[in-house]
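The file protein.tsv comes next; it holds TSV, C-alpha atoms.
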chain	number	residue	atom	x	y	z
A	1	MET	CA	15.10	1.93	11.98
A	2	ALA	CA	11.53	0.84	12.62
A	3	LYS	CA	10.05	2.15	15.84
A	4	ARG	CA	9.02	-0.64	18.20
A	5	ILE	CA	5.38	-0.92	19.18
A	6	THR	CA	4.60	-1.62	22.84
A	7	LEU	CA	2.23	-4.57	22.98
A	8	ARG	CA	-0.59	-4.64	25.50
A	9	GLN	CA	-0.14	-7.42	28.01
A	10	LYS	CA	-3.85	-8.15	28.36
A	11	THR	CA	-6.28	-8.50	25.49
A	12	LEU	CA	-9.39	-10.66	25.14
A	13	SER	CA	-8.70	-14.14	23.81
A	14	ILE	CA	-11.25	-15.71	21.47
A	15	THR	CA	-12.27	-17.95	24.38
A	16	GLU	CA	-13.00	-14.86	26.45
A	17	VAL	CA	-14.94	-13.32	23.55
A	18	ALA	CA	-16.98	-16.56	23.40
A	19	GLU	CA	-17.63	-16.50	27.14
A	20	TYR	CA	-18.69	-12.87	26.94
A	21	HIS	CA	-20.98	-13.68	23.99
A	22	ARG	CA	-22.56	-16.60	25.87
A	23	ASP	CA	-23.28	-14.38	28.90
A	24	VAL	CA	-24.76	-11.56	26.81
A	25	GLU	CA	-26.95	-13.99	24.86
A	26	SER	CA	-28.21	-15.59	28.10
A	27	SER	CA	-28.83	-12.16	29.64
A	28	LEU	CA	-30.83	-11.05	26.62
A	29	GLN	CA	-32.91	-14.24	26.69
A	30	LEU	CA	-33.73	-13.51	30.34
A	31	TYR	CA	-34.32	-9.78	29.85
A	32	PHE	CA	-36.98	-10.44	27.21
A	33	THR	CA	-39.03	-12.70	29.53
A	34	ARG	CA	-41.38	-12.02	32.42
A	35	ASN	CA	-38.56	-13.09	34.76
A	36	ASN	CA	-37.11	-9.63	34.14
A	37	PRO	CA	-38.40	-7.50	37.07
A	38	ARG	CA	-38.70	-4.53	34.69
A	39	PHE	CA	-40.44	-6.49	31.92
A	40	VAL	CA	-43.79	-4.71	32.22
A	41	ALA	CA	-42.22	-1.25	32.34
A	42	ARG	CA	-39.90	-1.99	29.44
A	43	PHE	CA	-42.38	-3.71	27.16
A	44	ALA	CA	-45.63	-1.93	28.02
A	45	GLY	CA	-47.80	-1.75	24.91
A	46	TYR	CA	-45.90	-4.53	23.12
A	47	MET	CA	-47.55	-7.62	21.68
A	48	LEU	CA	-45.72	-10.83	22.60
A	49	SER	CA	-44.76	-11.32	18.96
A	50	GLU	CA	-43.14	-7.85	19.00
A	51	VAL	CA	-41.14	-8.79	22.10
A	52	ALA	CA	-39.98	-11.96	20.34
A	53	ASN	CA	-39.04	-10.00	17.20
A	54	GLU	CA	-37.06	-7.46	19.18
A	55	LEU	CA	-35.21	-10.24	21.01
A	56	ALA	CA	-34.39	-11.84	17.65
A	57	GLU	CA	-33.00	-8.50	16.40
A	58	ARG	CA	-30.85	-8.07	19.53
A	59	LEU	CA	-29.49	-11.60	19.18
A	60	ILE	CA	-28.59	-11.02	15.52
A	61	GLU	CA	-26.83	-7.78	16.42
A	62	THR	CA	-24.96	-9.50	19.26
A	63	ASP	CA	-23.95	-12.27	16.87
A	64	LEU	CA	-22.48	-9.78	14.38
A	65	ARG	CA	-20.64	-7.81	17.08
A	66	SER	CA	-19.09	-10.98	18.47
A	67	ALA	CA	-18.08	-12.09	14.97
A	68	LEU	CA	-16.29	-8.77	14.50
A	69	ALA	CA	-14.60	-9.15	17.90
A	70	ILE	CA	-13.27	-12.57	16.84
A	71	MET	CA	-12.06	-11.28	13.46
A	72	VAL	CA	-10.18	-8.31	14.93
A	73	ARG	CA	-8.62	-10.67	17.48
A	74	ILE	CA	-7.36	-12.87	14.66
A	75	GLU	CA	-6.00	-9.83	12.83
A	76	ALA	CA	-4.22	-8.77	16.03
A	77	THR	CA	-2.76	-12.25	16.43
A	78	PHE	CA	-1.21	-12.12	12.95
A	79	ARG	CA	0.09	-8.59	13.49
A	80	ILE	CA	1.62	-9.50	16.88
A	81	ASP	CA	3.25	-12.53	15.30
A	82	TYR	CA	4.59	-10.26	12.53
A	83	LEU	CA	6.04	-7.79	15.04
A	84	GLN	CA	7.56	-10.52	17.21
A	85	ARG	CA	9.23	-12.14	14.22
A	86	CYS	CA	10.53	-8.79	12.92
A	87	ASN	CA	11.92	-7.83	16.33
A	88	SER	CA	13.41	-11.21	17.24
A	89	LYS	CA	15.50	-11.24	14.03
A	90	GLY	CA	14.97	-14.99	13.69
A	91	ALA	CA	16.64	-16.95	10.87
A	92	ASP	CA	13.48	-18.82	9.87
A	93	ASP	CA	11.99	-18.15	6.43
A	94	LEU	CA	8.90	-16.39	7.74
A	95	SER	CA	10.89	-13.98	9.94
A	96	ILE	CA	13.12	-13.19	6.94
A	97	ALA	CA	10.04	-12.61	4.73
A	98	PHE	CA	8.55	-10.31	7.39
A	99	ARG	CA	11.73	-8.27	7.70
A	100	LYS	CA	11.59	-7.76	3.92
A	101	LEU	CA	8.02	-6.50	4.35
A	102	ARG	CA	9.15	-4.15	7.11
A	103	ARG	CA	11.84	-2.71	4.86
A	104	LYS	CA	9.23	-2.23	2.12
A	105	TYR	CA	6.62	-0.51	4.29
A	106	GLY	CA	8.90	1.31	6.72
A	107	ALA	CA	8.39	2.14	10.37
A	108	LYS	CA	4.60	2.39	10.38
A	109	HIS	CA	3.63	-1.20	11.09
A	110	ALA	CA	-0.07	-0.54	10.55
A	111	ARG	CA	0.73	0.19	6.89
A	112	VAL	CA	1.79	-3.41	6.27
A	113	PRO	CA	-1.30	-4.87	4.62
A	114	LEU	CA	-2.64	-7.92	6.39
A	115	GLU	CA	-3.98	-9.80	3.40
A	116	GLN	CA	-1.55	-8.85	0.61
A	117	GLY	CA	1.42	-8.60	2.96
A	118	ILE	CA	1.40	-10.74	6.09
A	119	LEU	CA	-1.00	-13.49	4.96
A	120	GLU	CA	0.67	-13.74	1.54
A	121	ALA	CA	4.02	-14.27	3.29
A	122	TRP	CA	2.49	-17.10	5.31
A	123	ARG	CA	1.19	-18.70	2.12
A	124	ALA	CA	4.56	-18.39	0.39
A	125	VAL	CA	6.60	-19.80	3.29
A	126	TYR	CA	4.14	-22.49	4.34
A	127	PRO	CA	2.33	-23.64	1.17
A	128	GLY	CA	0.37	-26.19	3.22
A	129	THR	CA	-1.51	-23.31	4.84
A	130	SER	CA	-2.73	-21.95	1.50
A	131	THR	CA	-6.30	-23.25	1.76
A	132	LEU	CA	-6.71	-22.10	5.35
A	133	ILE	CA	-5.19	-18.68	4.62
A	134	GLY	CA	-7.47	-18.42	1.56
A	135	GLU	CA	-10.48	-19.11	3.78
A	136	LEU	CA	-9.29	-16.48	6.21
A	137	SER	CA	-8.75	-13.90	3.47
A	138	ARG	CA	-12.30	-14.45	2.24
A	139	ALA	CA	-13.63	-14.13	5.79
A	140	PHE	CA	-11.88	-10.75	6.08
A	141	ARG	CA	-14.32	-9.40	3.48
A	142	PHE	CA	-17.01	-10.08	6.09
A	143	ARG	CA	-14.84	-8.36	8.72
A	144	HIS	CA	-14.42	-5.30	6.46
A	145	TRP	CA	-18.17	-5.16	5.88
A	146	LEU	CA	-18.79	-5.19	9.66
A	147	ALA	CA	-16.00	-2.74	10.46
A	148	HIS	CA	-17.07	-0.25	7.78
A	149	GLY	CA	-20.61	0.13	9.04
A	150	ARG	CA	-22.39	-2.46	6.85
A	151	TYR	CA	-23.50	0.22	4.42
A	152	PHE	CA	-23.01	-1.97	1.35
A	153	THR	CA	-24.09	-5.48	0.41
A	154	PRO	CA	-21.08	-7.71	0.89
A	155	LYS	CA	-20.08	-10.23	-1.77
A	156	LEU	CA	-19.21	-13.23	0.34
A	157	ALA	CA	-18.29	-16.71	-0.81
A	158	ARG	CA	-19.53	-18.31	2.38
A	159	LYS	CA	-22.10	-17.81	5.08
A	160	TYR	CA	-20.43	-15.96	7.93
A	161	ASP	CA	-21.68	-15.40	11.44
A	162	TYR	CA	-20.30	-15.65	14.95
A	163	GLN	CA	-20.22	-19.46	15.05
A	164	SER	CA	-18.66	-19.94	11.63
A	165	VAL	CA	-16.05	-17.25	12.32
A	166	TYR	CA	-15.26	-18.85	15.69
A	167	ILE	CA	-14.69	-22.22	13.99
A	168	LEU	CA	-12.40	-20.61	11.41
A	169	ALA	CA	-10.48	-18.77	14.14
A	170	THR	CA	-10.07	-21.99	16.12
A	171	SER	CA	-8.70	-23.76	13.04
A	172	VAL	CA	-6.23	-20.94	12.38
A	173	LEU	CA	-4.98	-20.76	15.97
A	174	GLU	CA	-4.82	-24.54	16.24
A	175	ASN	CA	-2.92	-25.16	13.03
A	176	LEU	CA	-0.56	-22.23	12.42
A	177	PRO	CA	2.65	-21.81	14.43
A	178	LEU	CA	1.82	-18.24	15.45
A	179	ILE	CA	4.01	-16.47	17.97
A	180	SER	CA	1.77	-14.63	20.35
A	181	ALA	CA	3.97	-14.19	23.44
A	182	GLY	CA	1.17	-15.57	25.56
A	183	ILE	CA	-1.06	-12.54	25.18
A	184	VAL	CA	-3.52	-13.88	22.60
B	185	MET	CA	4.25	-2.03	-12.99
B	186	SER	CA	0.63	-1.10	-12.28
B	187	LYS	CA	-0.54	-3.13	-15.32
B	188	LEU	CA	1.41	-6.11	-13.95
B	189	ALA	CA	-0.10	-5.66	-10.50
B	190	PHE	CA	-3.56	-5.33	-12.03
B	191	ASP	CA	-3.02	-8.50	-14.10
B	192	GLU	CA	-2.06	-10.33	-10.91
B	193	PHE	CA	-5.14	-9.00	-9.16
B	194	VAL	CA	-7.43	-10.12	-12.02
B	195	LYS	CA	-5.78	-13.56	-11.99
B	196	SER	CA	-6.09	-13.93	-8.22
B	197	GLN	CA	-9.77	-12.99	-8.34
B	198	GLN	CA	-10.39	-15.69	-10.98
B	199	ASN	CA	-8.71	-18.28	-8.74
B	200	ASP	CA	-10.77	-17.16	-5.75
B	201	GLU	CA	-13.93	-17.38	-7.81
B	202	ARG	CA	-13.09	-20.88	-9.08
B	203	GLU	CA	-12.26	-22.04	-5.55
B	204	ALA	CA	-15.49	-20.59	-4.26
B	205	VAL	CA	-17.96	-21.81	-6.86
B	206	GLY	CA	-16.65	-25.27	-7.77
B	207	PRO	CA	-17.89	-27.37	-10.65
B	208	ASN	CA	-20.70	-29.28	-9.00
B	209	SER	CA	-22.80	-26.61	-7.34
B	210	ALA	CA	-26.17	-28.00	-8.54
B	211	GLN	CA	-25.29	-31.44	-7.21
B	212	GLN	CA	-24.05	-29.94	-3.91
B	213	LEU	CA	-27.29	-28.03	-3.48
B	214	LYS	CA	-29.34	-31.16	-4.17
B	215	GLU	CA	-27.30	-33.11	-1.61
B	216	TRP	CA	-27.67	-30.38	1.00
B	217	LEU	CA	-31.45	-30.33	0.65
B	218	LEU	CA	-31.50	-34.12	0.86
B	219	TYR	CA	-29.43	-34.03	4.06
B	220	LEU	CA	-31.97	-31.54	5.45
B	221	ASP	CA	-34.84	-33.91	4.62
B	222	ASN	CA	-32.97	-36.76	6.30
B	223	LEU	CA	-32.50	-34.66	9.43
B	224	TYR	CA	-36.19	-33.80	9.60
B	225	SER	CA	-37.15	-37.47	9.11
B	226	LYS	CA	-34.83	-38.46	11.93
B	227	ILE	CA	-36.29	-35.83	14.26
B	228	THR	CA	-39.83	-36.85	13.33
B	229	SER	CA	-39.02	-40.44	14.28
B	230	TYR	CA	-37.74	-39.24	17.68
B	231	VAL	CA	-41.04	-37.51	18.49
B	232	GLN	CA	-43.37	-39.86	16.61
B	233	SER	CA	-45.02	-41.22	19.77
B	234	TYR	CA	-45.86	-37.64	20.86
B	235	ILE	CA	-47.25	-36.85	17.41
B	236	ASN	CA	-49.41	-39.98	17.64
B	237	GLU	CA	-50.73	-38.77	21.01
B	238	ALA	CA	-51.34	-35.31	19.47
B	239	THR	CA	-49.15	-33.70	22.17
B	240	ALA	CA	-46.63	-32.56	19.56
B	241	GLN	CA	-46.98	-31.39	15.96
B	242	ILE	CA	-44.53	-30.76	13.16
B	243	TYR	CA	-45.01	-28.06	10.54
B	244	TYR	CA	-42.95	-27.15	7.51
B	245	SER	CA	-42.55	-23.88	5.67
B	246	ASN	CA	-40.20	-22.72	2.96
B	247	ILE	CA	-37.58	-20.06	3.60
B	248	GLU	CA	-35.30	-18.39	1.09
B	249	LEU	CA	-31.59	-18.83	1.57
B	250	ASN	CA	-29.02	-16.97	-0.45
B	251	GLU	CA	-25.54	-18.36	-0.85
B	252	GLU	CA	-22.80	-17.23	-3.18
B	253	PHE	CA	-22.37	-20.80	-4.46
B	254	PHE	CA	-25.98	-21.26	-5.51
B	255	GLY	CA	-27.70	-17.88	-5.45
B	256	ALA	CA	-31.17	-17.74	-3.91
B	257	TYR	CA	-32.98	-21.01	-3.26
B	258	GLN	CA	-35.82	-22.37	-1.17
B	259	ALA	CA	-35.15	-24.66	1.78
B	260	ARG	CA	-37.55	-26.29	4.20
B	261	LYS	CA	-37.77	-24.96	7.72
B	262	MET	CA	-39.25	-27.27	10.33
B	263	THR	CA	-41.18	-26.20	13.42
B	264	LEU	CA	-41.78	-28.56	16.31
B	265	LYS	CA	-44.74	-27.48	18.39
B	266	ILE	CA	-45.09	-28.98	21.87
B	267	GLY	CA	-48.12	-27.48	23.57
B	268	ARG	CA	-47.45	-23.75	23.94
B	269	SER	CA	-43.77	-24.04	23.02
B	270	SER	CA	-42.47	-23.82	19.48
B	271	VAL	CA	-38.99	-24.82	18.42
B	272	ALA	CA	-37.87	-23.72	14.96
B	273	PHE	CA	-35.25	-25.57	12.92
B	274	ASN	CA	-33.80	-22.90	10.64
B	275	PRO	CA	-31.44	-24.09	7.91
B	276	VAL	CA	-28.46	-21.70	7.76
B	277	GLY	CA	-26.76	-22.98	4.62
B	278	THR	CA	-24.21	-25.40	3.27
B	279	GLY	CA	-21.40	-23.03	2.27
B	280	LEU	CA	-19.82	-23.09	5.70
B	281	PHE	CA	-16.17	-23.54	6.56
B	282	GLY	CA	-15.19	-27.08	7.61
B	283	MET	CA	-18.65	-28.65	7.30
B	284	ARG	CA	-21.48	-29.40	4.90
B	285	GLY	CA	-24.27	-27.52	6.61
B	286	ARG	CA	-25.86	-26.08	9.70
B	287	VAL	CA	-29.35	-25.79	11.14
B	288	ASP	CA	-30.00	-23.40	14.01
B	289	VAL	CA	-32.52	-24.56	16.59
B	290	LEU	CA	-34.41	-21.66	18.16
B	291	GLY	CA	-36.67	-22.06	21.14
B	292	PRO	CA	-38.25	-19.67	23.65
B	293	SER	CA	-35.38	-20.18	26.12
B	294	GLY	CA	-32.36	-20.39	23.91
B	295	LYS	CA	-30.57	-21.49	20.79
B	296	ALA	CA	-28.63	-24.58	19.73
B	297	SER	CA	-27.13	-25.72	16.45
B	298	LEU	CA	-27.02	-28.91	14.44
B	299	PHE	CA	-23.95	-29.38	12.26
B	300	LEU	CA	-23.50	-31.64	9.25
B	301	VAL	CA	-19.92	-32.78	9.85
B	302	ASN	CA	-17.54	-35.64	9.21
B	303	LYS	CA	-18.60	-38.54	11.45
B	304	ARG	CA	-15.09	-38.58	12.96
B	305	THR	CA	-15.22	-34.93	14.02
B	306	THR	CA	-15.65	-34.49	17.74
B	307	ASN	CA	-14.87	-30.78	18.21
B	308	ALA	CA	-14.10	-27.59	16.30
B	309	ARG	CA	-10.34	-28.18	16.67
B	310	SER	CA	-10.52	-31.42	14.73
B	311	LEU	CA	-12.48	-29.94	11.79
B	312	ILE	CA	-9.40	-28.91	9.81
B	313	GLN	CA	-5.91	-30.39	9.90
B	314	VAL	CA	-3.10	-28.48	8.19
B	315	THR	CA	0.32	-29.94	7.43
B	316	ILE	CA	2.99	-27.31	7.95
B	317	SER	CA	5.91	-27.83	5.60
B	318	ARG	CA	8.33	-25.27	4.22
B	319	PRO	CA	9.70	-25.05	0.67
B	320	GLY	CA	12.50	-27.61	0.42
B	321	ASP	CA	10.96	-29.99	2.96
B	322	PRO	CA	10.11	-33.44	1.61
B	323	PRO	CA	6.59	-33.31	0.20
B	324	PRO	CA	3.88	-34.84	2.37
B	325	GLN	CA	2.63	-38.25	1.35
B	326	PRO	CA	0.09	-37.69	-1.43
B	327	GLU	CA	-3.49	-38.41	-0.43
B	328	SER	CA	-3.78	-40.88	-3.31
B	329	ASN	CA	-1.10	-43.09	-1.68
B	330	LYS	CA	-2.94	-43.19	1.61
B	331	LYS	CA	-5.87	-45.41	2.22
B	332	ARG	CA	-8.70	-42.89	1.96
B	333	GLU	CA	-12.05	-43.68	3.35
B	334	PRO	CA	-14.97	-41.68	1.97
B	335	ILE	CA	-16.18	-39.04	4.39
B	336	GLN	CA	-19.40	-39.97	6.11
B	337	TRP	CA	-21.42	-36.80	6.76
B	338	VAL	CA	-23.66	-36.98	9.81
B	339	TRP	CA	-25.73	-34.51	11.80
B	340	LYS	CA	-24.33	-33.70	15.23
B	341	ILE	CA	-25.37	-31.36	18.00
B	342	GLY	CA	-22.75	-28.66	18.53
B	343	THR	CA	-22.21	-27.20	21.97
B	344	PRO	CA	-21.75	-23.42	21.76
B	345	PRO	CA	-18.31	-21.77	21.75
B	346	PRO	CA	-15.87	-21.81	23.44
B	347	ASP	CA	-16.15	-25.61	23.89
B	348	MET	CA	-17.70	-26.41	20.49
B	349	ASN	CA	-17.92	-30.16	20.92
B	350	PHE	CA	-19.94	-32.16	18.40
B	351	VAL	CA	-22.20	-34.71	20.05
B	352	GLU	CA	-23.85	-37.59	18.22
B	353	LEU	CA	-27.50	-36.93	17.44
B	354	THR	CA	-29.61	-39.55	19.18
B	355	GLN	CA	-33.08	-39.46	20.61
B	356	GLU	CA	-31.61	-38.86	24.07
B	357	THR	CA	-29.30	-35.99	23.04
B	358	PHE	CA	-32.08	-34.53	20.91
B	359	PHE	CA	-34.48	-34.45	23.88
B	360	GLU	CA	-31.77	-32.80	26.02
B	361	MET	CA	-31.29	-30.13	23.36
B	362	ILE	CA	-35.04	-29.44	23.11
B	363	LEU	CA	-35.35	-29.14	26.90
B	364	GLU	CA	-32.45	-26.67	26.86
B	365	VAL	CA	-33.90	-24.37	24.19
B	366	ALA	CA	-37.58	-24.73	25.08
B	367	ASN	CA	-37.52	-25.07	28.83
B	368	GLY	CA	-34.41	-23.18	29.91
What do you get writing this file as structure tokens?
Amino acid sequence: MAKRITLRQKTLSITEVAEYHRDVESSLQLYFTRNNPRFVARFAGYMLSEVANELAERLIETDLRSALAIMVRIEATFRIDYLQRCNSKGADDLSIAFRKLRRKYGAKHARVPLEQGILEAWRAVYPGTSTLIGELSRAFRFRHWLAHGRYFTPKLARKYDYQSVYILATSVLENLPLISAGIV
Amino acid sequence: MSKLAFDEFVKSQQNDEREAVGPNSAQQLKEWLLYLDNLYSKITSYVQSYINEATAQIYYSNIELNEEFFGAYQARKMTLKIGRSSVAFNPVGTGLFGMRGRVDVLGPSGKASLFLVNKRTTNARSLIQVTISRPGDPPPQPESNKKREPIQWVWKIGTPPPDMNFVELTQETFFEMILEVANG
């Protein structure tokens, strides 16, 4: 018997990640100007071009962190949907496919692979989602690169950053009948 | 069993690669660079009167982009200089999900983006439409039976996430965008 996981009732939605990102970006823009009361102390000895370069670096880093936050949120959404369908014992094809996966991988839900397990089941049950799921699988290579410390050069089919990942996430959440119990 | 699994893996990677590269990459790259030129011409026409008065200048430089589809290539970056303020139009690439290209607009007070999208697209939610049908359901009406209009790709200004609305690029909306990124 698989042990049930207790789901957190409050996690950041992708909208909240976007709002957080917007506020951090605006704060950085302000911090790197003379409107920052500590500008002189912080940037003493800097040339203006160096200030601009450092701001650009911070914005790139913020962009990557927000992209990762979106990707892990999407992963969580699929895993919550998987758990809900396993636990609800629904008679729909996807719930049946997920219960087969649970039998295969046992009680440790984290062992169920997202891409070769959960996403493949989505593709098989809803063939119309194949292109979108394929896009998502490719984007997870970018997520793995971010999550594993970016120590290697990723081989990516597309250009990924915060905005492109947000658009992909919106398309996934908008189009797939994911069960999220109102916590995503 | 492992040989079978490996065969499947090799096959799936070939499919991914074919999906990613596509047969017409040289033509796609040519079109993307042409769309970029068209964008720059349009912007130049918006600020032509200021250029004539010598209160604004436009400069071009080449930057290297690297996309899996095409490898490394040179694309034109445009800089709009208005007095002390500079606004850079940085092409991001064409291999983006749900669109044909993106240019990031970077000014001293912020960032905006221009998206090359289907003329009918008004927000990120309408970029991709997926038909959910399960095995055994009647197949959706083939695209060839529907009256298909060719997609008209146009440049639009994208508001940042979470709203992500795509606004028609006109002289008025362009000026608003420049004021936002250059003047705060």
Worksheet entry | Pick from A:Tyr20, A:Trp145, A:Tyr126, A:Tyr160, whichever lies nearest to B:Ile316 using all atoms listed in the file |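 Using all atoms listed in the file, B:Ile316 sits closest to A:Tyr126.
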Practice prompt. Report as a ChimeraX atom specification the set of chain B residues whose atoms approach chain A to within 7 Å, with distances computed over all atoms listed in the file.
Written response: /B:204,251-253,277,279-281,293-294,308-309,312-319,345-346
Item to complete: Could you please determine the separation between atom CA of B:Ala238 and atom CA of B:Thr354 in Å, to one decimal place?
Response: 22.1 Å
Worksheet item: So what do you get for atom CA of A:Leu114 versus atom CA of A:Phe78, distance-wise?
Response: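 Computing the Euclidean distance for atom CA of A:Leu114 and atom CA of A:Phe78 yields 7.9 Å.
For the pair atom CA of A:Leu146 and atom CA of A:Tyr31, the separation is 25.9 Å.
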Worksheet item: Of the candidates B:Lys303, B:Lys340, B:Lys265, B:Lys295, which shows the shortest atom-to-atom distance to B:Ile235, using only C-alpha atoms?
Response: B:Lys265
